[in-house]
Amino acid sequence: MQLSDYVKAILARKRLVALCVILVTVPTVLVSRYLAPTYEGEAQLVVKEPATAATLLGSFESRPFQDPQRYIGTQMEAMKSRTLVEQVITKLNMETTPDKLLGRVTISNDGQSDIVTINVTDSTADRAASTANTWAETYVAWATDLQRASLKVAAQDVEARLTIAQEQIAAIEATLPLSGASGDGRVRLQAAKDWYQRLASTLDQLQTNVQLVSGPGSILTTAVVNPVPVSPNPVRNWALALVLGLVFGLGVALVAEYLDNTIKSADEASLLYGAPVIGQITEDRSKKSDPCKPIVLNDPAGPVAESYRGLRNNLEFIDFERSIKTLLVTSAVPGEGKSTVAANLAVVLARGGWKVALVVIDFRRAAAEARFGLERSPGLSEVLAGTRDLASVVQRPLDGLLLVPSGEAPPNPNELLRSAAMQRLLATLAESADIILVDTPPVLAVADAATAARWADATLVVTQDGLTTRAAADKARRQLDSVGARIIGIVVTNVKPTEAEGGGYSVYSGFGSQT
C-alpha cells in the first residue's frame, strides 16, 4: 500500500477512528475529574564519601579504590532500608507499613552528580513535604552515627597500638645502658618514638573527628509545601488520552482495512473483472430521492444524474465500436445497485435519443420496474408461459422507453429464460429498439443471470464501492466466463464525490445537461 492508500483507508473509517478516540478520552476525563488529588514533596541531599578511619590512618592501613557512583548507589539503597523507613514512620506517627510507605517514595540520582533526590507523594501537601524532610534528616542522622561509630572503633584500635608502642620504647630504653652508646640502639629508640608520635597524632585526629563528623550526606534543599497536585493532571491526561485514542483509532482503522476484503477502488474492480470501469455513480446525498422515480428524473441537474450521463457517453463509444444490441446488467451479489443502474441508464439513453427496451427478469424481488413505481405483473413470466402476449404487458414510463416488467415469480424461471420464447421476445423488441437492457438477478444468487447471458451481446457488471468482496467478484467473473458472457465494462456505485473522476460536481450542479 502507498501512503495515499493509507490516507484513504483512514478517511473511509473516520467514524471508527473518532469512536476510538471517544472511548479512550471520555473515561480518562471522568477519572481525572473524580480521582483524589496527590501532592509531592521533594528534598535533595549531597552524598559524598567521607574521610574514613582508613584514610585517617594513612600508611597504617591500605584503602581500595571506590567508584563514586557505586558509593552513591549503596547509600540510596541504605535510604530504603527497613530500619530507616521504620524510624521515619515512628517520628511522624504514621499509620502505615514500611512497604506501603516505600511505594510512595522515589529515591533517584542522575548519574552525573552527587545529588540524591527524595520524592514523596501523599494525599496532603503538608504530609508529603514533612515526610520528604524527615526522610532526609533521618538518613543524615543515621549515616552520621554510623560514621562516628566507625571512627570510635578506629580510635580504640590506635589506643591499643599506642600502648604497644609505649611498651616497645620502654623495652628499648631498658637495653640502652647495657649496650652503651651503640648507634643501632639509639636508631631503634628514635624509630619507636616516631611511631608513637604518629599514633598519638592519629588518635588525636580521630577523637576530634568523632566530635565533628558530619557523615556522608548533607541536606541541599528541603521540601516545601506545594499546594498544586501532581496528579491528576487533567490537561496532561486529556492530551495524552487524545493522542493514545488517536493512535489506537488509526491502528484499528488500518487493521480493519487489512481484514476488509471488499473492493475499494475502480482500478481494483477493473482488475478483478478484467474489464474497464466505464461509470462511477456518485453517492446520492440529495434530499430529492424518490424510491418510485429514477434519480435522473428526480434531480436531473445533480451530480448523480451527471454520473449516469457520463456512463451513457462511455457506453455510446463502446456501442460505436462493437454494435451492442442486447446488454445484460447484473452484479455479483444483492444490494450493489444493478436495478437502479439499469433504470437510470435506460432513462438517460432514452433522453439522449435512443429507443430503449428495459426487460426485467428478476422474478424474485421488485427490480427496475419498482424504480418507476410500476407493478411487476403481468409481465415477462406470463409472456414466456404463453398466457399473455408481449404487447399487453409492455409499459411506457416515458418517451423512447419500453419496459417489460418481470411478472409473477414462476416455478421454473431458469427453464423459461433458456426457452425459444425468450429468444423470440428479444428479437421482437430488437425490431423497435436501438438497445435492450436486461435487468437480471445477481450472478451468485441464482443461475438466471448466467442463463440469460446466452441471449446478450454484452454484459455490464455493477459493483458497489466498499460492499462487493474480492472473492465474490472473482467467483462471479468465473461464472460469467463459463457461459461465454462478454463483460464490456464495470459500473461502480455509491462512490464518494471526491473519489469519482471529475470530482467537484457541486460547482456545476446547477448547469448540468438535462438531456
# chains A, B, ... in the order shown; residues from 1 in each chain; ligands from 1
$ residues_around --residues "stretch 34-43 of chain A" --least-positions-apart "2" --cutoff "8 Å" --atoms "only C-alpha atoms" --output "NGL selection string"
:A and (30-32 or 45 or 117-125 or 128-133 or 136 or 219-232)
$ residues_around --residues "A:Gly407" --least-positions-apart "6" --cutoff "9 Å" --atoms "only C-alpha atoms" --output "PDB file with N, CA and C atoms, in the first residue's frame"
ATOM      1  N   VAL A 360     -37.054  -6.786 -17.454  1.00  0.00           N
ATOM      2  CA  VAL A 360     -36.726  -7.187 -16.083  1.00  0.00           C
ATOM      3  C   VAL A 360     -36.936  -8.692 -15.947  1.00  0.00           C
ATOM      4  N   ILE A 361     -35.875  -9.418 -15.621  1.00  0.00           N
ATOM      5  CA  ILE A 361     -36.021 -10.874 -15.441  1.00  0.00           C
ATOM      6  C   ILE A 361     -35.709 -11.290 -13.996  1.00  0.00           C
ATOM      7  N   PHE A 363     -37.279 -12.233 -11.139  1.00  0.00           N
ATOM      8  CA  PHE A 363     -38.628 -12.651 -10.745  1.00  0.00           C
ATOM      9  C   PHE A 363     -38.814 -12.685  -9.230  1.00  0.00           C
ATOM     10  N   GLU A 375     -46.237  -1.764 -11.409  1.00  0.00           N
ATOM     11  CA  GLU A 375     -46.491  -3.116 -10.912  1.00  0.00           C
ATOM     12  C   GLU A 375     -45.665  -4.115 -11.707  1.00  0.00           C
ATOM     13  N   ARG A 376     -45.268  -5.195 -11.075  1.00  0.00           N
ATOM     14  CA  ARG A 376     -44.438  -6.197 -11.732  1.00  0.00           C
ATOM     15  C   ARG A 376     -45.247  -7.210 -12.530  1.00  0.00           C
ATOM     16  N   SER A 377     -46.545  -7.243 -12.323  1.00  0.00           N
ATOM     17  CA  SER A 377     -47.368  -8.235 -13.022  1.00  0.00           C
ATOM     18  C   SER A 377     -48.596  -7.547 -13.618  1.00  0.00           C
ATOM     19  N   PRO A 378     -49.033  -7.982 -14.817  1.00  0.00           N
ATOM     20  CA  PRO A 378     -48.446  -9.047 -15.636  1.00  0.00           C
ATOM     21  C   PRO A 378     -47.147  -8.577 -16.303  1.00  0.00           C
ATOM     22  N   GLY A 379     -46.334  -9.575 -16.670  1.00  0.00           N
ATOM     23  CA  GLY A 379     -45.065  -9.206 -17.255  1.00  0.00           C
ATOM     24  C   GLY A 379     -44.407 -10.349 -17.994  1.00  0.00           C
ATOM     25  N   LEU A 380     -43.079 -10.419 -17.918  1.00  0.00           N
ATOM     26  CA  LEU A 380     -42.277 -11.344 -18.716  1.00  0.00           C
ATOM     27  C   LEU A 380     -42.646 -12.799 -18.474  1.00  0.00           C
ATOM     28  N   SER A 381     -42.844 -13.173 -17.202  1.00  0.00           N
ATOM     29  CA  SER A 381     -43.124 -14.589 -16.911  1.00  0.00           C
ATOM     30  C   SER A 381     -44.404 -15.056 -17.589  1.00  0.00           C
ATOM     31  N   GLU A 382     -45.418 -14.186 -17.652  1.00  0.00           N
ATOM     32  CA  GLU A 382     -46.668 -14.560 -18.309  1.00  0.00           C
ATOM     33  C   GLU A 382     -46.478 -14.681 -19.825  1.00  0.00           C
ATOM     34  N   VAL A 383     -45.666 -13.789 -20.405  1.00  0.00           N
ATOM     35  CA  VAL A 383     -45.411 -13.862 -21.846  1.00  0.00           C
ATOM     36  C   VAL A 383     -44.676 -15.162 -22.177  1.00  0.00           C
ATOM     37  N   VAL A 393     -48.250  -6.482 -22.016  1.00  0.00           N
ATOM     38  CA  VAL A 393     -47.512  -6.271 -20.759  1.00  0.00           C
ATOM     39  C   VAL A 393     -46.527  -5.116 -20.858  1.00  0.00           C
TER      40      VAL A 393
END
$ closest_residue --among "A:Gln464, A:Ser113, A:Thr330, A:Thr144" --to "A:Thr440" --atoms "only C-alpha atoms"
A:Thr330
$ select_by_dssp --residues "stretch 261-447 of chain A" --states "alpha helix (DSSP H)" --output "PyMOL selection string"
chain A and resi 266-273+295-298+303-322+338-351+380-385+390-393+413-417+420-432
$ atom_distance --atom1 "atom CA of A:Val17" --atom2 "atom CA of A:Gln280"
26.9 Å
$ closest_residue --among "A:Leu250, A:Ile318, A:Ile324, A:Val443" --to "A:Leu11" --atoms "only C-alpha atoms"
A:Leu250
$ residues_around --residues "A:Ala332" --least-positions-apart "3" --cutoff "9 Å" --atoms "only C-alpha atoms" --output "list of chain:residue names"
A:Glu336, A:Pro441, A:Pro442, A:Val443, A:Leu444, A:Ala445, A:Val461, A:Val462, A:Thr463, A:Thr468, A:Ala472, A:Ala473, A:Asp474, A:Lys475, A:Ala476, A:Arg477
$ residues_around --residues "A:Gly337" --least-positions-apart "3" --cutoff "7 Å" --atoms "only C-alpha atoms" --output "number ranges by chain"
A: 340-341, 462, 493
$ write_last_selection --atoms "N, CA and C atoms" --output "PDB file, in the first residue's frame"
ATOM      1  N   THR A 340     -31.048  -0.241 -10.005  1.00  0.00           N
ATOM      2  CA  THR A 340     -31.038   1.223 -10.041  1.00  0.00           C
ATOM      3  C   THR A 340     -30.251   1.722 -11.247  1.00  0.00           C
ATOM      4  N   VAL A 341     -29.107   1.088 -11.497  1.00  0.00           N
ATOM      5  CA  VAL A 341     -28.292   1.464 -12.654  1.00  0.00           C
ATOM      6  C   VAL A 341     -29.065   1.200 -13.944  1.00  0.00           C
ATOM      7  N   VAL A 462     -22.264  -4.415 -12.301  1.00  0.00           N
ATOM      8  CA  VAL A 462     -22.374  -3.340 -11.310  1.00  0.00           C
ATOM      9  C   VAL A 462     -21.755  -3.811  -9.996  1.00  0.00           C
ATOM     10  N   THR A 493     -20.872   1.862  -8.028  1.00  0.00           N
ATOM     11  CA  THR A 493     -21.903   2.714  -7.431  1.00  0.00           C
ATOM     12  C   THR A 493     -21.474   3.180  -6.042  1.00  0.00           C
TER      13      THR A 493
END
$ atom_distance --atom1 "atom CA of A:Ala430" --atom2 "atom CA of A:Val333"
28.6 Å
$ residues_around --residues "A:Glu86" --least-positions-apart "4" --cutoff "7 Å" --atoms "only C-alpha atoms" --output "PyMOL selection string"
chain A and resi 82+90+98
$ select_by_dssp --residues "stretch 71-185 of chain A" --states "strand (DSSP E)" --output "list in words"
Val105, Thr106, Ile107, Ser108, Asn109, Ile115, Val116, Thr117, Ile118, Asn119, Val120, Thr121 and Asp122 of chain A
$ write_last_selection --atoms "N, CA and C atoms" --output "PDB file, in the first residue's frame"
ATOM      1  N   VAL A 105       7.455   6.513  47.702  1.00  0.00           N
ATOM      2  CA  VAL A 105       8.737   7.234  47.748  1.00  0.00           C
ATOM      3  C   VAL A 105       9.610   6.829  46.569  1.00  0.00           C
ATOM      4  N   THR A 106      10.220   7.824  45.942  1.00  0.00           N
ATOM      5  CA  THR A 106      11.174   7.585  44.856  1.00  0.00           C
ATOM      6  C   THR A 106      12.493   8.249  45.223  1.00  0.00           C
ATOM      7  N   ILE A 107      13.551   7.453  45.247  1.00  0.00           N
ATOM      8  CA  ILE A 107      14.897   7.966  45.533  1.00  0.00           C
ATOM      9  C   ILE A 107      15.725   7.821  44.265  1.00  0.00           C
ATOM     10  N   SER A 108      16.279   8.926  43.768  1.00  0.00           N
ATOM     11  CA  SER A 108      16.925   8.892  42.460  1.00  0.00           C
ATOM     12  C   SER A 108      18.182   9.748  42.430  1.00  0.00           C
ATOM     13  N   ASN A 109      19.027   9.419  41.442  1.00  0.00           N
ATOM     14  CA  ASN A 109      20.256  10.177  41.178  1.00  0.00           C
ATOM     15  C   ASN A 109      20.454  10.207  39.678  1.00  0.00           C
ATOM     16  N   ILE A 115      24.155  14.492  43.838  1.00  0.00           N
ATOM     17  CA  ILE A 115      22.861  14.894  44.411  1.00  0.00           C
ATOM     18  C   ILE A 115      21.874  13.744  44.329  1.00  0.00           C
ATOM     19  N   VAL A 116      21.268  13.421  45.460  1.00  0.00           N
ATOM     20  CA  VAL A 116      20.234  12.385  45.548  1.00  0.00           C
ATOM     21  C   VAL A 116      18.916  13.077  45.883  1.00  0.00           C
ATOM     22  N   THR A 117      17.876  12.764  45.112  1.00  0.00           N
ATOM     23  CA  THR A 117      16.558  13.386  45.285  1.00  0.00           C
ATOM     24  C   THR A 117      15.600  12.401  45.930  1.00  0.00           C
ATOM     25  N   ILE A 118      14.879  12.867  46.938  1.00  0.00           N
ATOM     26  CA  ILE A 118      13.852  12.059  47.606  1.00  0.00           C
ATOM     27  C   ILE A 118      12.499  12.664  47.276  1.00  0.00           C
ATOM     28  N   ASN A 119      11.668  11.932  46.514  1.00  0.00           N
ATOM     29  CA  ASN A 119      10.313  12.374  46.159  1.00  0.00           C
ATOM     30  C   ASN A 119       9.302  11.549  46.937  1.00  0.00           C
ATOM     31  N   VAL A 120       8.376  12.238  47.587  1.00  0.00           N
ATOM     32  CA  VAL A 120       7.322  11.562  48.348  1.00  0.00           C
ATOM     33  C   VAL A 120       5.973  12.068  47.861  1.00  0.00           C
ATOM     34  N   THR A 121       5.062  11.152  47.576  1.00  0.00           N
ATOM     35  CA  THR A 121       3.704  11.531  47.198  1.00  0.00           C
ATOM     36  C   THR A 121       2.755  11.189  48.333  1.00  0.00           C
ATOM     37  N   ASP A 122       1.744  12.054  48.497  1.00  0.00           N
ATOM     38  CA  ASP A 122       0.781  11.846  49.581  1.00  0.00           C
ATOM     39  C   ASP A 122      -0.517  12.531  49.215  1.00  0.00           C
TER      40      ASP A 122
END
$ atom_distance --atom1 "atom CA of A:Phe248" --atom2 "atom CA of A:Cys20"
6.6 Å
$ closest_residue --among "A:Leu19, A:Val26, A:Leu92, A:Leu358" --to "A:Val252" --atoms "only C-alpha atoms"
A:Leu19
$ closest_residue --among "A:Ile487, A:Gly249, A:Ser339, A:Val277" --to "A:Arg15" --atoms "only C-alpha atoms"
A:Gly249
$ residues_around --residues "A:Asn344" --least-positions-apart "5" --cutoff "12 Å" --atoms "only C-alpha atoms" --output "ChimeraX atom specification"
/A:281,292-300,304-312,329,337-339,349-351,356,358,368-372,401,437,439
$ decode --residues "stretch 333-359 of chain A" --atoms "N, CA and C atoms" --output "short mmCIF file (atom, residue, chain, number, x, y, z; two decimals), in the first residue's frame"
data_model
loop_
_atom_site.label_atom_id
_atom_site.label_comp_id
_atom_site.auth_asym_id
_atom_site.auth_seq_id
_atom_site.Cartn_x
_atom_site.Cartn_y
_atom_site.Cartn_z
N VAL A 333 -23.53 -9.85 -6.17
CA VAL A 333 -24.39 -10.14 -5.01
C VAL A 333 -25.49 -9.08 -4.92
N PRO A 334 -26.53 -9.34 -4.13
CA PRO A 334 -27.61 -8.35 -3.98
C PRO A 334 -27.11 -7.08 -3.30
N GLY A 335 -27.83 -5.99 -3.56
CA GLY A 335 -27.56 -4.74 -2.88
C GLY A 335 -26.52 -3.86 -3.52
N GLU A 336 -26.02 -4.22 -4.70
CA GLU A 336 -24.97 -3.43 -5.33
C GLU A 336 -25.52 -2.34 -6.24
N GLY A 337 -26.84 -2.33 -6.46
CA GLY A 337 -27.44 -1.25 -7.22
C GLY A 337 -27.62 -1.53 -8.70
N LYS A 338 -27.65 -2.81 -9.13
CA LYS A 338 -27.74 -3.11 -10.57
C LYS A 338 -29.11 -2.70 -11.14
N SER A 339 -30.21 -2.86 -10.37
CA SER A 339 -31.53 -2.46 -10.89
C SER A 339 -31.65 -0.95 -10.98
N THR A 340 -31.05 -0.24 -10.01
CA THR A 340 -31.04 1.22 -10.04
C THR A 340 -30.25 1.72 -11.25
N VAL A 341 -29.11 1.09 -11.50
CA VAL A 341 -28.29 1.46 -12.65
C VAL A 341 -29.07 1.20 -13.94
N ALA A 342 -29.72 0.04 -14.04
CA ALA A 342 -30.46 -0.30 -15.25
C ALA A 342 -31.57 0.71 -15.52
N ALA A 343 -32.31 1.10 -14.47
CA ALA A 343 -33.42 2.03 -14.64
C ALA A 343 -32.92 3.42 -15.05
N ASN A 344 -31.90 3.93 -14.36
CA ASN A 344 -31.40 5.27 -14.66
C ASN A 344 -30.67 5.32 -16.00
N LEU A 345 -29.95 4.23 -16.34
CA LEU A 345 -29.29 4.18 -17.64
C LEU A 345 -30.32 4.18 -18.76
N ALA A 346 -31.42 3.46 -18.56
CA ALA A 346 -32.48 3.43 -19.56
C ALA A 346 -33.05 4.83 -19.79
N VAL A 347 -33.19 5.60 -18.70
CA VAL A 347 -33.76 6.94 -18.82
C VAL A 347 -32.80 7.86 -19.57
N VAL A 348 -31.51 7.87 -19.19
CA VAL A 348 -30.60 8.80 -19.85
C VAL A 348 -30.37 8.42 -21.31
N LEU A 349 -30.43 7.11 -21.63
CA LEU A 349 -30.33 6.70 -23.04
C LEU A 349 -31.54 7.18 -23.82
N ALA A 350 -32.74 7.03 -23.23
CA ALA A 350 -33.96 7.47 -23.89
C ALA A 350 -33.96 8.99 -24.07
N ARG A 351 -33.47 9.71 -23.02
CA ARG A 351 -33.40 11.17 -23.12
C ARG A 351 -32.33 11.60 -24.12
N GLY A 352 -31.39 10.72 -24.40
CA GLY A 352 -30.34 11.03 -25.36
C GLY A 352 -30.70 10.67 -26.79
N GLY A 353 -31.95 10.26 -27.03
CA GLY A 353 -32.40 9.97 -28.39
C GLY A 353 -32.41 8.51 -28.75
N TRP A 354 -32.06 7.62 -27.83
CA TRP A 354 -32.10 6.19 -28.09
C TRP A 354 -33.52 5.66 -27.90
N LYS A 355 -33.83 4.61 -28.66
CA LYS A 355 -35.05 3.84 -28.39
C LYS A 355 -34.63 2.65 -27.53
N VAL A 356 -35.11 2.65 -26.30
CA VAL A 356 -34.62 1.70 -25.29
C VAL A 356 -35.74 0.76 -24.88
N ALA A 357 -35.39 -0.52 -24.74
CA ALA A 357 -36.31 -1.51 -24.16
C ALA A 357 -35.65 -2.04 -22.89
N LEU A 358 -36.34 -1.95 -21.77
CA LEU A 358 -35.82 -2.43 -20.48
C LEU A 358 -36.61 -3.68 -20.10
N VAL A 359 -35.93 -4.81 -20.04
CA VAL A 359 -36.57 -6.09 -19.72
C VAL A 359 -36.10 -6.53 -18.34
#
